[in-house]
file upload_32.cif (mmCIF, C-alpha atoms)
data_final
loop_
_atom_site.group_PDB
_atom_site.id
_atom_site.type_symbol
_atom_site.label_atom_id
_atom_site.label_comp_id
_atom_site.auth_asym_id
_atom_site.auth_seq_id
_atom_site.Cartn_x
_atom_site.Cartn_y
_atom_site.Cartn_z
ATOM 1 C CA THR Z 1 186.483 114.812 49.730
ATOM 2 C CA VAL Z 2 185.740 112.936 52.934
ATOM 3 C CA LYS Z 3 186.992 115.928 54.914
ATOM 4 C CA MET Z 4 184.761 118.249 52.867
ATOM 5 C CA LYS Z 5 181.709 116.025 53.549
ATOM 6 C CA SER Z 6 182.468 116.044 57.258
ATOM 7 C CA VAL Z 7 182.632 119.855 57.302
ATOM 8 C CA LEU Z 8 179.355 120.111 55.406
ATOM 9 C CA SER Z 9 177.675 117.645 57.758
ATOM 10 C CA LEU Z 10 178.877 119.653 60.754
ATOM 11 C CA LEU Z 11 177.557 122.896 59.284
ATOM 12 C CA LEU Z 12 174.157 121.292 58.574
ATOM 13 C CA LEU Z 13 174.025 119.929 62.097
ATOM 14 C CA LEU Z 14 174.772 123.349 63.628
ATOM 15 C CA THR Z 15 172.188 125.054 61.394
ATOM 16 C CA SER Z 16 169.538 122.532 62.384
ATOM 17 C CA ALA Z 17 170.332 123.040 66.064
ATOM 18 C CA ASP Z 18 169.937 126.822 65.694
ATOM 19 C CA ALA Z 19 166.595 126.360 63.982
ATOM 20 C CA PHE Z 20 165.238 124.274 66.825
ATOM 21 C CA THR Z 21 166.634 126.393 69.640
ATOM 22 C CA THR Z 22 165.305 129.703 68.242
ATOM 23 C CA THR Z 23 161.743 128.733 69.256
ATOM 24 C CA PRO Z 24 161.814 126.155 71.995
ATOM 25 C CA SER Z 25 159.540 123.226 71.515
ATOM 26 C CA GLY Z 26 157.985 123.943 74.905
ATOM 27 C CA SER Z 27 156.913 127.407 73.726
ATOM 28 C CA VAL Z 28 155.295 125.989 70.613
ATOM 29 C CA HIS Z 29 153.359 123.418 72.602
ATOM 30 C CA SER Z 30 152.391 126.029 75.179
ATOM 31 C CA THR Z 31 151.025 128.406 72.518
ATOM 32 C CA ALA Z 32 149.081 125.644 70.824
ATOM 33 C CA ALA Z 33 147.664 124.516 74.133
ATOM 34 C CA THR Z 34 146.651 128.077 75.041
ATOM 35 C CA THR Z 35 144.995 128.612 71.667
ATOM 36 C CA SER Z 36 143.199 125.305 71.877
ATOM 37 C CA SER Z 37 142.088 126.009 75.432
ATOM 38 C CA PHE Z 38 140.850 129.488 74.462
ATOM 39 C CA GLY Z 39 138.915 128.051 71.527
ATOM 40 C CA ARG Z 40 137.214 125.478 73.728
ATOM 41 C CA THR Z 41 136.456 128.133 76.368
ATOM 42 C CA ALA Z 42 134.982 130.498 73.771
ATOM 43 C CA ILE Z 43 132.757 127.735 72.424
ATOM 44 C CA VAL Z 44 131.574 126.789 75.914
ATOM 45 C CA LEU Z 45 130.892 130.427 76.823
ATOM 46 C CA GLU Z 46 128.970 131.028 73.579
ATOM 47 C CA ALA Z 47 126.933 127.875 74.093
ATOM 48 C CA SER Z 48 126.207 128.882 77.681
ATOM 49 C CA LYS Z 49 125.259 132.384 76.567
ATOM 50 C CA ASN Z 50 122.617 131.099 74.159
ATOM 51 C CA LYS Z 51 121.450 128.129 76.215
ATOM 52 C CA ASP Z 52 118.912 130.005 78.314
ATOM 53 C CA LYS Z 53 117.646 132.016 75.343
ATOM 54 C CA ILE Z 54 117.129 128.885 73.247
ATOM 55 C CA ALA Z 55 115.464 127.055 76.133
ATOM 56 C CA SER Z 56 113.133 130.002 76.794
ATOM 57 C CA ARG Z 57 112.172 130.356 73.150
ATOM 58 C CA SER Z 58 111.764 126.603 72.765
ATOM 59 C CA LYS Z 59 109.367 126.519 75.721
ATOM 60 C CA TRP Z 60 107.327 129.399 74.294
ATOM 61 C CA ALA Z 61 107.249 127.932 70.782
ATOM 62 C CA SER Z 62 106.355 124.478 72.090
ATOM 63 C CA SER Z 63 103.385 125.879 74.010
ATOM 64 C CA ARG Z 64 102.092 127.293 70.723
ATOM 65 C CA GLY Z 65 102.691 124.209 68.642
ATOM 66 C CA TYR Z 66 105.710 125.477 66.698
ATOM 67 C CA GLY Z 67 108.131 122.927 68.103
ATOM 68 C CA VAL Z 68 111.523 123.102 69.779
ATOM 69 C CA VAL Z 69 113.498 122.686 66.566
ATOM 70 C CA ALA Z 70 111.962 125.764 64.978
ATOM 71 C CA ALA Z 71 112.565 127.822 68.094
ATOM 72 C CA ALA Z 72 116.192 126.799 68.275
ATOM 73 C CA ALA Z 73 116.675 127.547 64.598
ATOM 74 C CA ASP Z 74 115.232 131.028 65.075
ATOM 75 C CA SER Z 75 117.770 131.599 67.831
ATOM 76 C CA GLY Z 76 120.662 131.001 65.482
ATOM 77 C CA ASP Z 77 120.967 134.607 64.318
ATOM 78 C CA ALA Z 78 123.035 135.801 67.299
ATOM 79 C CA GLY Z 79 119.932 135.569 69.463
ATOM 80 C CA LYS Z 80 118.103 138.188 67.435
ATOM 81 C CA SER Z 81 114.325 138.009 67.713
ATOM 82 C CA VAL Z 82 112.381 139.397 64.766
ATOM 83 C CA PRO Z 83 108.817 140.480 65.674
ATOM 84 C CA ARG Z 84 105.982 139.059 63.566
ATOM 85 C CA LEU Z 85 102.826 140.875 64.602
ATOM 86 C CA ILE Z 86 99.162 141.255 63.657
ATOM 87 C CA ILE Z 87 96.889 144.029 64.893
ATOM 88 C CA ALA Z 88 93.114 143.962 64.482
ATOM 89 C CA GLY Z 89 90.247 146.187 65.440
ATOM 90 C CA ALA Z 90 87.085 147.763 64.116
ATOM 91 C CA PRO Z 91 87.078 151.005 62.124
ATOM 92 C CA ALA Z 92 88.148 153.899 64.421
ATOM 93 C CA SER Z 93 89.455 151.517 67.100
ATOM 94 C CA GLY Z 94 92.808 153.327 67.047
ATOM 95 C CA LYS Z 95 94.821 150.890 64.931
ATOM 96 C CA GLY Z 96 96.519 153.650 62.960
ATOM 97 C CA THR Z 97 97.863 155.355 66.076
ATOM 98 C CA GLN Z 98 99.074 152.099 67.625
ATOM 99 C CA CYS Z 99 100.672 150.918 64.372
ATOM 100 C CA GLU Z 100 102.832 154.044 64.299
ATOM 101 C CA ILE Z 101 103.904 153.480 67.907
ATOM 102 C CA ILE Z 102 104.697 149.786 67.316
ATOM 103 C CA LYS Z 103 106.605 150.602 64.137
ATOM 104 C CA GLU Z 104 108.745 153.191 65.926
ATOM 105 C CA LYS Z 105 109.292 151.006 68.993
ATOM 106 C CA TYR Z 106 110.305 147.770 67.249
ATOM 107 C CA GLY Z 107 111.439 148.940 63.810
ATOM 108 C CA VAL Z 108 109.073 146.542 62.049
ATOM 109 C CA VAL Z 109 107.684 146.988 58.551
ATOM 110 C CA HIS Z 110 104.085 148.257 58.734
ATOM 111 C CA LEU Z 111 101.929 146.529 56.133
ATOM 112 C CA SER Z 112 98.333 147.081 55.043
ATOM 113 C CA THR Z 113 96.581 145.016 52.399
ATOM 114 C CA GLY Z 114 95.859 148.032 50.192
ATOM 115 C CA ASP Z 115 99.475 149.179 50.198
ATOM 116 C CA MET Z 116 100.739 145.669 49.429
ATOM 117 C CA LEU Z 117 98.301 145.221 46.555
ATOM 118 C CA ARG Z 118 99.213 148.569 45.001
ATOM 119 C CA ALA Z 119 102.931 147.848 45.359
ATOM 120 C CA ALA Z 120 102.597 144.376 43.812
ATOM 121 C CA VAL Z 121 100.627 145.776 40.879
ATOM 122 C CA ALA Z 122 103.162 148.584 40.350
ATOM 123 C CA ALA Z 123 106.058 146.095 40.485
ATOM 124 C CA GLY Z 124 104.365 143.850 37.919
ATOM 125 C CA THR Z 125 104.849 140.672 39.957
ATOM 126 C CA GLU Z 126 102.971 137.519 38.996
ATOM 127 C CA VAL Z 127 100.423 137.870 41.808
ATOM 128 C CA GLY Z 128 100.385 141.630 41.254
ATOM 129 C CA ASN Z 129 99.311 141.121 37.652
ATOM 130 C CA GLN Z 130 96.654 138.649 38.777
ATOM 131 C CA ALA Z 131 95.336 141.207 41.254
ATOM 132 C CA LYS Z 132 95.365 143.906 38.573
ATOM 133 C CA ASP Z 133 93.174 141.802 36.292
ATOM 134 C CA PHE Z 134 90.488 141.551 38.982
ATOM 135 C CA MET Z 135 90.797 145.196 39.955
ATOM 136 C CA ASP Z 136 90.580 146.409 36.354
ATOM 137 C CA ALA Z 137 87.452 144.294 35.901
ATOM 138 C CA GLY Z 138 85.914 145.925 38.978
ATOM 139 C CA LYS Z 139 85.896 142.634 40.885
ATOM 140 C CA LEU Z 140 87.050 141.834 44.403
ATOM 141 C CA VAL Z 141 90.519 140.324 44.530
ATOM 142 C CA PRO Z 142 90.082 136.697 45.716
ATOM 143 C CA ASP Z 143 91.723 135.478 48.908
ATOM 144 C CA GLU Z 144 94.222 133.204 47.168
ATOM 145 C CA VAL Z 145 95.635 136.152 45.213
ATOM 146 C CA ILE Z 146 95.726 138.404 48.281
ATOM 147 C CA ILE Z 147 97.514 135.681 50.261
ATOM 148 C CA GLY Z 148 100.049 135.388 47.440
ATOM 149 C CA VAL Z 149 100.670 139.142 47.564
ATOM 150 C CA VAL Z 150 101.057 139.078 51.350
ATOM 151 C CA LYS Z 151 103.348 136.031 51.309
ATOM 152 C CA ASP Z 152 105.602 137.579 48.654
ATOM 153 C CA ARG Z 153 105.835 140.818 50.640
ATOM 154 C CA LEU Z 154 106.688 139.037 53.897
ATOM 155 C CA ASP Z 155 109.476 137.173 52.100
ATOM 156 C CA GLU Z 156 111.212 140.414 51.098
ATOM 157 C CA SER Z 157 114.469 141.249 52.851
ATOM 158 C CA ASP Z 158 113.198 144.165 54.972
ATOM 159 C CA CYS Z 159 110.460 142.013 56.530
ATOM 160 C CA VAL Z 160 112.806 139.057 57.026
ATOM 161 C CA GLU Z 161 115.466 141.204 58.709
ATOM 162 C CA SER Z 162 113.315 143.673 60.667
ATOM 163 C CA GLY Z 163 110.057 141.825 61.237
ATOM 164 C CA TRP Z 164 106.564 142.895 60.219
ATOM 165 C CA LEU Z 165 103.228 144.228 61.424
ATOM 166 C CA LEU Z 166 100.111 143.197 59.503
ATOM 167 C CA ASP Z 167 97.506 145.930 59.900
ATOM 168 C CA GLY Z 168 93.935 144.603 59.830
ATOM 169 C CA PHE Z 169 94.772 141.385 58.032
ATOM 170 C CA PRO Z 170 93.511 138.683 57.974
ATOM 171 C CA ARG Z 171 89.943 139.990 58.018
ATOM 172 C CA THR Z 172 88.115 136.681 57.612
ATOM 173 C CA PRO Z 173 88.591 133.127 58.949
ATOM 174 C CA ALA Z 174 89.229 131.940 55.388
ATOM 175 C CA GLN Z 175 92.100 134.419 55.075
ATOM 176 C CA ALA Z 176 93.495 133.367 58.459
ATOM 177 C CA GLU Z 177 93.414 129.717 57.400
ATOM 178 C CA ALA Z 178 94.970 130.474 54.015
ATOM 179 C CA LEU Z 179 97.709 132.515 55.696
ATOM 180 C CA ALA Z 180 98.529 129.578 57.982
ATOM 181 C CA ASP Z 181 98.490 127.168 55.028
ATOM 182 C CA ALA Z 182 101.008 129.441 53.299
ATOM 183 C CA GLY Z 183 103.372 128.962 56.244
ATOM 184 C CA VAL Z 184 102.932 132.438 57.741
ATOM 185 C CA SER Z 185 102.774 132.474 61.542
ATOM 186 C CA ALA Z 186 102.752 135.404 63.957
ATOM 187 C CA ASP Z 187 104.227 135.926 67.418
ATOM 188 C CA CYS Z 188 101.430 138.107 68.757
ATOM 189 C CA PHE Z 189 97.866 138.962 67.701
ATOM 190 C CA VAL Z 190 96.714 142.275 69.188
ATOM 191 C CA PHE Z 191 92.994 143.032 69.257
ATOM 192 C CA LEU Z 192 91.742 146.518 70.124
ATOM 193 C CA ASN Z 193 88.370 146.161 71.809
ATOM 194 C CA VAL Z 194 86.111 149.212 71.582
ATOM 195 C CA PRO Z 195 82.279 149.258 72.054
ATOM 196 C CA ASP Z 196 80.201 150.079 68.987
ATOM 197 C CA ASP Z 197 78.707 153.276 70.437
ATOM 198 C CA VAL Z 198 82.200 154.672 71.023
ATOM 199 C CA LEU Z 199 83.278 153.642 67.529
ATOM 200 C CA VAL Z 200 80.271 155.370 65.952
ATOM 201 C CA GLU Z 201 81.040 158.582 67.863
ATOM 202 C CA ARG Z 202 84.682 158.439 66.762
ATOM 203 C CA VAL Z 203 83.826 157.859 63.091
ATOM 204 C CA VAL Z 204 81.020 160.388 62.757
ATOM 205 C CA GLY Z 205 83.188 163.133 64.275
ATOM 206 C CA ARG Z 206 86.164 162.552 61.989
ATOM 207 C CA ARG Z 207 87.196 165.221 59.518
ATOM 208 C CA THR Z 208 90.106 165.402 57.069
ATOM 209 C CA ASP Z 209 92.164 168.372 55.956
ATOM 210 C CA PRO Z 210 92.264 168.015 52.140
ATOM 211 C CA GLU Z 211 95.500 170.005 51.904
ATOM 212 C CA THR Z 212 97.587 168.104 54.455
ATOM 213 C CA GLY Z 213 95.697 164.826 54.798
ATOM 214 C CA LYS Z 214 95.699 165.215 58.584
ATOM 215 C CA ILE Z 215 92.688 163.767 60.401
ATOM 216 C CA TYR Z 216 90.908 165.713 63.134
ATOM 217 C CA HIS Z 217 87.928 164.971 65.369
ATOM 218 C CA MET Z 218 85.322 167.606 66.004
ATOM 219 C CA THR Z 219 84.937 166.539 69.646
ATOM 220 C CA PHE Z 220 88.266 165.089 70.736
ATOM 221 C CA SER Z 221 90.868 166.899 68.620
ATOM 222 C CA PRO Z 222 89.473 169.833 66.608
ATOM 223 C CA PRO Z 223 91.920 172.136 64.802
ATOM 224 C CA GLU Z 224 92.809 175.387 66.534
ATOM 225 C CA ASP Z 225 93.231 177.271 63.258
ATOM 226 C CA GLU Z 226 89.920 178.666 61.992
ATOM 227 C CA GLU Z 227 91.145 178.511 58.406
ATOM 228 C CA VAL Z 228 91.884 174.796 58.735
ATOM 229 C CA LEU Z 229 88.534 174.238 60.432
ATOM 230 C CA ALA Z 230 86.728 175.864 57.518
ATOM 231 C CA ARG Z 231 88.217 173.566 54.906
ATOM 232 C CA LEU Z 232 87.781 170.236 56.729
ATOM 233 C CA GLU Z 233 85.889 167.512 54.880
ATOM 234 C CA GLN Z 234 83.977 164.442 56.016
ATOM 235 C CA ARG Z 235 84.477 161.143 54.204
ATOM 236 C CA SER Z 236 81.349 159.948 52.441
ATOM 237 C CA ASP Z 237 81.350 156.696 54.402
ATOM 238 C CA ASP Z 238 81.901 158.367 57.795
ATOM 239 C CA THR Z 239 78.196 158.587 58.531
ATOM 240 C CA GLU Z 240 76.339 156.747 61.295
ATOM 241 C CA GLU Z 241 74.369 154.603 58.840
ATOM 242 C CA LYS Z 242 77.391 153.487 56.856
ATOM 243 C CA VAL Z 243 79.662 152.892 59.830
ATOM 244 C CA LYS Z 244 77.041 150.603 61.364
ATOM 245 C CA VAL Z 245 77.037 148.533 58.174
ATOM 246 C CA ARG Z 246 80.840 148.291 58.312
ATOM 247 C CA LEU Z 247 80.674 147.266 61.961
ATOM 248 C CA GLU Z 248 78.179 144.497 61.128
ATOM 249 C CA GLN Z 249 80.596 143.129 58.542
ATOM 250 C CA PHE Z 250 83.448 143.399 61.027
ATOM 251 C CA HIS Z 251 81.597 141.552 63.785
ATOM 252 C CA ALA Z 252 80.520 138.812 61.370
ATOM 253 C CA ASN Z 253 84.153 137.712 61.011
ATOM 254 C CA VAL Z 254 86.169 138.988 63.954
ATOM 255 C CA ASP Z 255 85.372 136.206 66.440
ATOM 256 C CA ALA Z 256 86.398 133.509 63.968
ATOM 257 C CA VAL Z 257 89.610 135.378 63.122
ATOM 258 C CA LYS Z 258 90.436 135.780 66.816
ATOM 259 C CA GLY Z 259 89.793 132.062 67.235
ATOM 260 C CA SER Z 260 92.590 131.343 64.776
ATOM 261 C CA TYR Z 261 95.088 133.074 67.087
ATOM 262 C CA THR Z 262 93.819 132.097 70.543
ATOM 263 C CA ASP Z 263 97.253 131.044 71.835
ATOM 264 C CA ILE Z 264 98.941 134.323 70.902
ATOM 265 C CA SER Z 265 96.017 136.740 71.246
ATOM 266 C CA VAL Z 266 96.119 139.839 73.448
ATOM 267 C CA GLU Z 267 92.880 141.799 73.899
ATOM 268 C CA VAL Z 268 93.388 145.466 74.790
ATOM 269 C CA ASP Z 269 90.862 148.018 76.033
ATOM 270 C CA GLY Z 270 90.884 150.499 73.163
ATOM 271 C CA THR Z 271 88.794 153.075 75.035
ATOM 272 C CA LYS Z 272 91.769 154.101 77.169
ATOM 273 C CA LYS Z 273 94.165 156.895 76.281
ATOM 274 C CA PRO Z 274 96.550 156.054 73.405
ATOM 275 C CA ASP Z 275 99.618 155.969 75.669
ATOM 276 C CA GLU Z 276 97.882 153.575 78.072
ATOM 277 C CA VAL Z 277 96.830 151.345 75.186
ATOM 278 C CA SER Z 278 100.344 151.321 73.754
ATOM 279 C CA ALA Z 279 101.855 150.491 77.166
ATOM 280 C CA THR Z 280 99.676 147.368 77.362
ATOM 281 C CA ILE Z 281 100.559 146.361 73.810
ATOM 282 C CA VAL Z 282 104.286 146.867 74.312
ATOM 283 C CA GLU Z 283 104.218 144.832 77.523
ATOM 284 C CA ALA Z 284 102.519 141.949 75.688
ATOM 285 C CA ILE Z 285 104.916 142.031 72.744
ATOM 286 C CA ASP Z 286 107.988 142.279 74.977
ATOM 287 C CA ALA Z 287 106.814 139.236 76.937
ATOM 288 C CA VAL Z 288 106.532 137.223 73.733
ATOM 289 C CA LEU Z 289 109.913 138.306 72.390
ATOM 290 C CA ALA Z 290 111.798 137.904 75.683
#
call {"tool": "encode", "arguments": {"input": "upload_32.cif", "output": "structure tokens"}}
result
Amino acid sequence: TVKMKSVLSLLLLLTSADAFTTTPSGSVHSTAATTSSFGRTAIVLEASKNKDKIASRSKWASSRGYGVVAAAADSGDAGKSVPRLIIAGAPASGKGTQCEIIKEKYGVVHLSTGDMLRAAVAAGTEVGNQAKDFMDAGKLVPDEVIIGVVKDRLDESDCVESGWLLDGFPRTPAQAEALADAGVSADCFVFLNVPDDVLVERVVGRRTDPETGKIYHMTFSPPEDEEVLARLEQRSDDTEEKVKVRLEQFHANVDAVKGSYTDISVEVDGTKKPDEVSATIVEAIDAVLA
């Protein structure tokens, strides 16, 4: 029995020795050290990679009153910067053209108040139903309801992930204040500046093809096809008298709205060619998002 125990002990001892010599302890320690060192290096490199970006965004955000913490938090998504933009301008200032260019360039969601209201009503959301009640009664939708519609839309996944472009909103200082109170802030406010006499000429010369919806201008971009030319229509409010009334309403609010975005405002000469206007806008937006 004693002899049997001795044999068993010897076998166990040999087995244990094999187990330890198969993978030397030095190799195990070396691998662990390499892994640990790599992990620390990766962390340091990642931190270094984002350091300048966070510092740059923090400086920009701080200069606009957003604070360093918010800027650093925004930088958490692998350094991705999501554009939050507003474009404003009088009727016929060229907003539609520039919105298409901005949308294509940055991949943002293009939003107009009318589209958002119709979508909210169709979806039957709480604020959509509130808006519908006013619209069905033939009343203007109050600012608090419009702000609710806008805020809900900006919180949807496509706007959160891709960014957004508010087209012609806010229109009044009250709307700008309500938008800020709702926690909505923009990166850049683009204002297209065009003199009234140029705007009147642009509006009065506009014509629409009822079959395609395409807009032409009798002076600047008339259709080449005589058949298309013959069927063009002028909107009832595209007359000199009515456009001047709309411009008066626009000017009554625009300065106060611009004042709400002084720190992020970019004023662009809208009388230049569309590609020149867009180049100025893109340069301004790129500088903000850098």
call {"tool": "atom_distance", "arguments": {"input": "upload_32.cif", "atom1": "CA of Met218 (chain Z)", "atom2": "CA of Asp196 (chain Z)"}}
result
18.5 Å
call {"tool": "closest_residue", "arguments": {"input": "upload_32.cif", "among": "Z:Phe169, Z:Trp164, Z:Tyr216, Z:Phe250", "to": "Val204 (chain Z)", "atoms": "all atoms listed in the file"}}
result
Z:Tyr216
call {"tool": "resolve_selection", "arguments": {"input": "upload_32.cif", "expression": "the PyMOL selection byres ((chain Z and resi 269) around 7)", "output": "ChimeraX atom specification"}}
result
/Z:192-194,267-268,270-272,277
call {"tool": "atom_distance", "arguments": {"input": "upload_32.cif", "atom1": "CA of Asn129 (chain Z)", "atom2": "CA of Ala182 (chain Z)"}}
result
19.6 Å
call {"tool": "resolve_selection", "arguments": {"input": "upload_32.cif", "expression": "the PyMOL selection byres ((chain Z and resi 281-286) around 12)", "output": "JSON, numbers by chain"}}
result
{"Z": [81, 82, 83, 84, 85, 86, 87, 95, 98, 99, 101, 102, 103, 104, 105, 106, 165, 186, 187, 188, 189, 190, 191, 192, 264, 265, 266, 267, 268, 269, 270, 274, 275, 276, 277, 278, 279, 280, 287, 288, 289, 290]}
call {"tool": "closest_residue", "arguments": {"input": "upload_32.cif", "among": "Z:Val243, Z:Val184, Z:Arg231, Z:Lys273", "to": "Gly205 (chain Z)", "atoms": "only C-alpha atoms"}}
result
Z:Val243
call {"tool": "resolve_selection", "arguments": {"input": "upload_32.cif", "expression": "the PyMOL selection byres ((chain Z and resi 109) around 7)", "output": "compact mmCIF listing (two decimals) with C-alpha atoms, keeping the file's coordinate frame"}}
result
# COMPACT_ATOMS: atom_id res chain seq x y z
CA LYS Z 103 106.60 150.60 64.14
CA GLY Z 107 111.44 148.94 63.81
CA VAL Z 108 109.07 146.54 62.05
CA HIS Z 110 104.08 148.26 58.73
CA LEU Z 111 101.93 146.53 56.13
CA CYS Z 159 110.46 142.01 56.53
CA SER Z 162 113.32 143.67 60.67
CA GLY Z 163 110.06 141.82 61.24
CA TRP Z 164 106.56 142.90 60.22
CA LEU Z 165 103.23 144.23 61.42
call {"tool": "closest_residue", "arguments": {"input": "upload_32.cif", "among": "Z:Val257, Z:Val203, Z:Leu247, Z:Val150", "to": "Gln234 (chain Z)", "atoms": "all atoms listed in the file"}}
result
Z:Val203
call {"tool": "atom_distance", "arguments": {"input": "upload_32.cif", "atom1": "CA of Glu227 (chain Z)", "atom2": "CA of Ala92 (chain Z)"}}
result
25.5 Å
call {"tool": "closest_residue", "arguments": {"input": "upload_32.cif", "among": "Z:Leu229, Z:Leu154, Z:Ile146, Z:Ala131", "to": "Arg171 (chain Z)", "atoms": "all atoms listed in the file"}}
result
Z:Ile146
call {"tool": "residues_around", "arguments": {"input": "upload_32.cif", "residues": "Gln130 (chain Z)", "least_positions_apart": "4", "cutoff": "9 Å", "atoms": "all atoms listed in the file", "output": "list of chain:residue names"}}
result
Z:Val121, Z:Thr125, Z:Glu126, Z:Phe134, Z:Met135, Z:Val141, Z:Val145
call {"tool": "closest_residue", "arguments": {"input": "upload_32.cif", "among": "Z:Gly128, Z:Gly114, Z:Gly89, Z:Pro142", "to": "His251 (chain Z)", "atoms": "all atoms listed in the file"}}
result
Z:Gly89
call {"tool": "residues_around", "arguments": {"input": "upload_32.cif", "residues": "Arg153 (chain Z)", "least_positions_apart": "3", "cutoff": "10 Å", "atoms": "all atoms listed in the file", "output": "ChimeraX atom specification"}}
result
/Z:111,116-117,119-120,147-150,156-160,164
call {"tool": "closest_residue", "arguments": {"input": "upload_32.cif", "among": "Z:Asp115, Z:Asp143, Z:Asp155, Z:Asp263", "to": "Pro170 (chain Z)", "atoms": "all atoms listed in the file"}}
result
Z:Asp143
call {"tool": "build_atoms", "arguments": {"input": "upload_32.cif", "residues": "region 115-136 of chain Z", "atoms": "N, CA and C atoms", "output": "PDB file, keeping the file's coordinate frame"}}
result
ATOM      1  N   ASP Z 115      98.122 148.772  50.593  1.00  0.00           N
ATOM      2  CA  ASP Z 115      99.475 149.179  50.198  1.00  0.00           C
ATOM      3  C   ASP Z 115     100.207 148.039  49.496  1.00  0.00           C
ATOM      4  N   MET Z 116     100.052 146.823  50.029  1.00  0.00           N
ATOM      5  CA  MET Z 116     100.739 145.669  49.429  1.00  0.00           C
ATOM      6  C   MET Z 116     100.205 145.360  48.035  1.00  0.00           C
ATOM      7  N   LEU Z 117      98.895 145.470  47.872  1.00  0.00           N
ATOM      8  CA  LEU Z 117      98.301 145.221  46.555  1.00  0.00           C
ATOM      9  C   LEU Z 117      98.792 146.243  45.532  1.00  0.00           C
ATOM     10  N   ARG Z 118      98.769 147.521  45.933  1.00  0.00           N
ATOM     11  CA  ARG Z 118      99.213 148.569  45.001  1.00  0.00           C
ATOM     12  C   ARG Z 118     100.685 148.404  44.639  1.00  0.00           C
ATOM     13  N   ALA Z 119     101.504 148.026  45.614  1.00  0.00           N
ATOM     14  CA  ALA Z 119     102.931 147.848  45.359  1.00  0.00           C
ATOM     15  C   ALA Z 119     103.182 146.664  44.441  1.00  0.00           C
ATOM     16  N   ALA Z 120     102.431 145.571  44.648  1.00  0.00           N
ATOM     17  CA  ALA Z 120     102.597 144.376  43.812  1.00  0.00           C
ATOM     18  C   ALA Z 120     102.176 144.646  42.373  1.00  0.00           C
ATOM     19  N   VAL Z 121     101.096 145.420  42.221  1.00  0.00           N
ATOM     20  CA  VAL Z 121     100.627 145.776  40.879  1.00  0.00           C
ATOM     21  C   VAL Z 121     101.654 146.674  40.187  1.00  0.00           C
ATOM     22  N   ALA Z 122     102.170 147.661  40.913  1.00  0.00           N
ATOM     23  CA  ALA Z 122     103.162 148.584  40.350  1.00  0.00           C
ATOM     24  C   ALA Z 122     104.448 147.857  39.964  1.00  0.00           C
ATOM     25  N   ALA Z 123     104.822 146.851  40.755  1.00  0.00           N
ATOM     26  CA  ALA Z 123     106.058 146.095  40.485  1.00  0.00           C
ATOM     27  C   ALA Z 123     105.878 145.086  39.373  1.00  0.00           C
ATOM     28  N   GLY Z 124     104.628 144.800  38.999  1.00  0.00           N
ATOM     29  CA  GLY Z 124     104.365 143.850  37.919  1.00  0.00           C
ATOM     30  C   GLY Z 124     104.702 142.417  38.272  1.00  0.00           C
ATOM     31  N   THR Z 125     104.579 142.061  39.565  1.00  0.00           N
ATOM     32  CA  THR Z 125     104.849 140.672  39.957  1.00  0.00           C
ATOM     33  C   THR Z 125     103.734 139.773  39.435  1.00  0.00           C
ATOM     34  N   GLU Z 126     103.966 138.465  39.510  1.00  0.00           N
ATOM     35  CA  GLU Z 126     102.971 137.519  38.996  1.00  0.00           C
ATOM     36  C   GLU Z 126     101.636 137.688  39.716  1.00  0.00           C
ATOM     37  N   VAL Z 127     101.677 137.710  41.063  1.00  0.00           N
ATOM     38  CA  VAL Z 127     100.423 137.870  41.808  1.00  0.00           C
ATOM     39  C   VAL Z 127      99.906 139.298  41.669  1.00  0.00           C
ATOM     40  N   GLY Z 128     100.805 140.255  41.470  1.00  0.00           N
ATOM     41  CA  GLY Z 128     100.385 141.630  41.254  1.00  0.00           C
ATOM     42  C   GLY Z 128      99.586 141.770  39.969  1.00  0.00           C
ATOM     43  N   ASN Z 129     100.034 141.094  38.924  1.00  0.00           N
ATOM     44  CA  ASN Z 129      99.311 141.121  37.652  1.00  0.00           C
ATOM     45  C   ASN Z 129      97.961 140.419  37.763  1.00  0.00           C
ATOM     46  N   GLN Z 130      97.928 139.336  38.558  1.00  0.00           N
ATOM     47  CA  GLN Z 130      96.654 138.649  38.777  1.00  0.00           C
ATOM     48  C   GLN Z 130      95.681 139.574  39.497  1.00  0.00           C
ATOM     49  N   ALA Z 131      96.182 140.275  40.512  1.00  0.00           N
ATOM     50  CA  ALA Z 131      95.336 141.207  41.254  1.00  0.00           C
ATOM     51  C   ALA Z 131      94.841 142.331  40.350  1.00  0.00           C
ATOM     52  N   LYS Z 132      95.721 142.810  39.477  1.00  0.00           N
ATOM     53  CA  LYS Z 132      95.365 143.906  38.573  1.00  0.00           C
ATOM     54  C   LYS Z 132      94.214 143.517  37.648  1.00  0.00           C
ATOM     55  N   ASP Z 133      94.242 142.268  37.180  1.00  0.00           N
ATOM     56  CA  ASP Z 133      93.174 141.802  36.292  1.00  0.00           C
ATOM     57  C   ASP Z 133      91.813 141.888  36.978  1.00  0.00           C
ATOM     58  N   PHE Z 134      91.754 141.493  38.241  1.00  0.00           N
ATOM     59  CA  PHE Z 134      90.488 141.551  38.982  1.00  0.00           C
ATOM     60  C   PHE Z 134      90.101 142.999  39.259  1.00  0.00           C
ATOM     61  N   MET Z 135      91.079 143.809  39.628  1.00  0.00           N
ATOM     62  CA  MET Z 135      90.797 145.196  39.955  1.00  0.00           C
ATOM     63  C   MET Z 135      90.327 145.969  38.728  1.00  0.00           C
ATOM     64  N   ASP Z 136      90.971 145.725  37.593  1.00  0.00           N
ATOM     65  CA  ASP Z 136      90.580 146.409  36.354  1.00  0.00           C
ATOM     66  C   ASP Z 136      89.179 146.011  35.911  1.00  0.00           C
TER      67      ASP Z 136
END
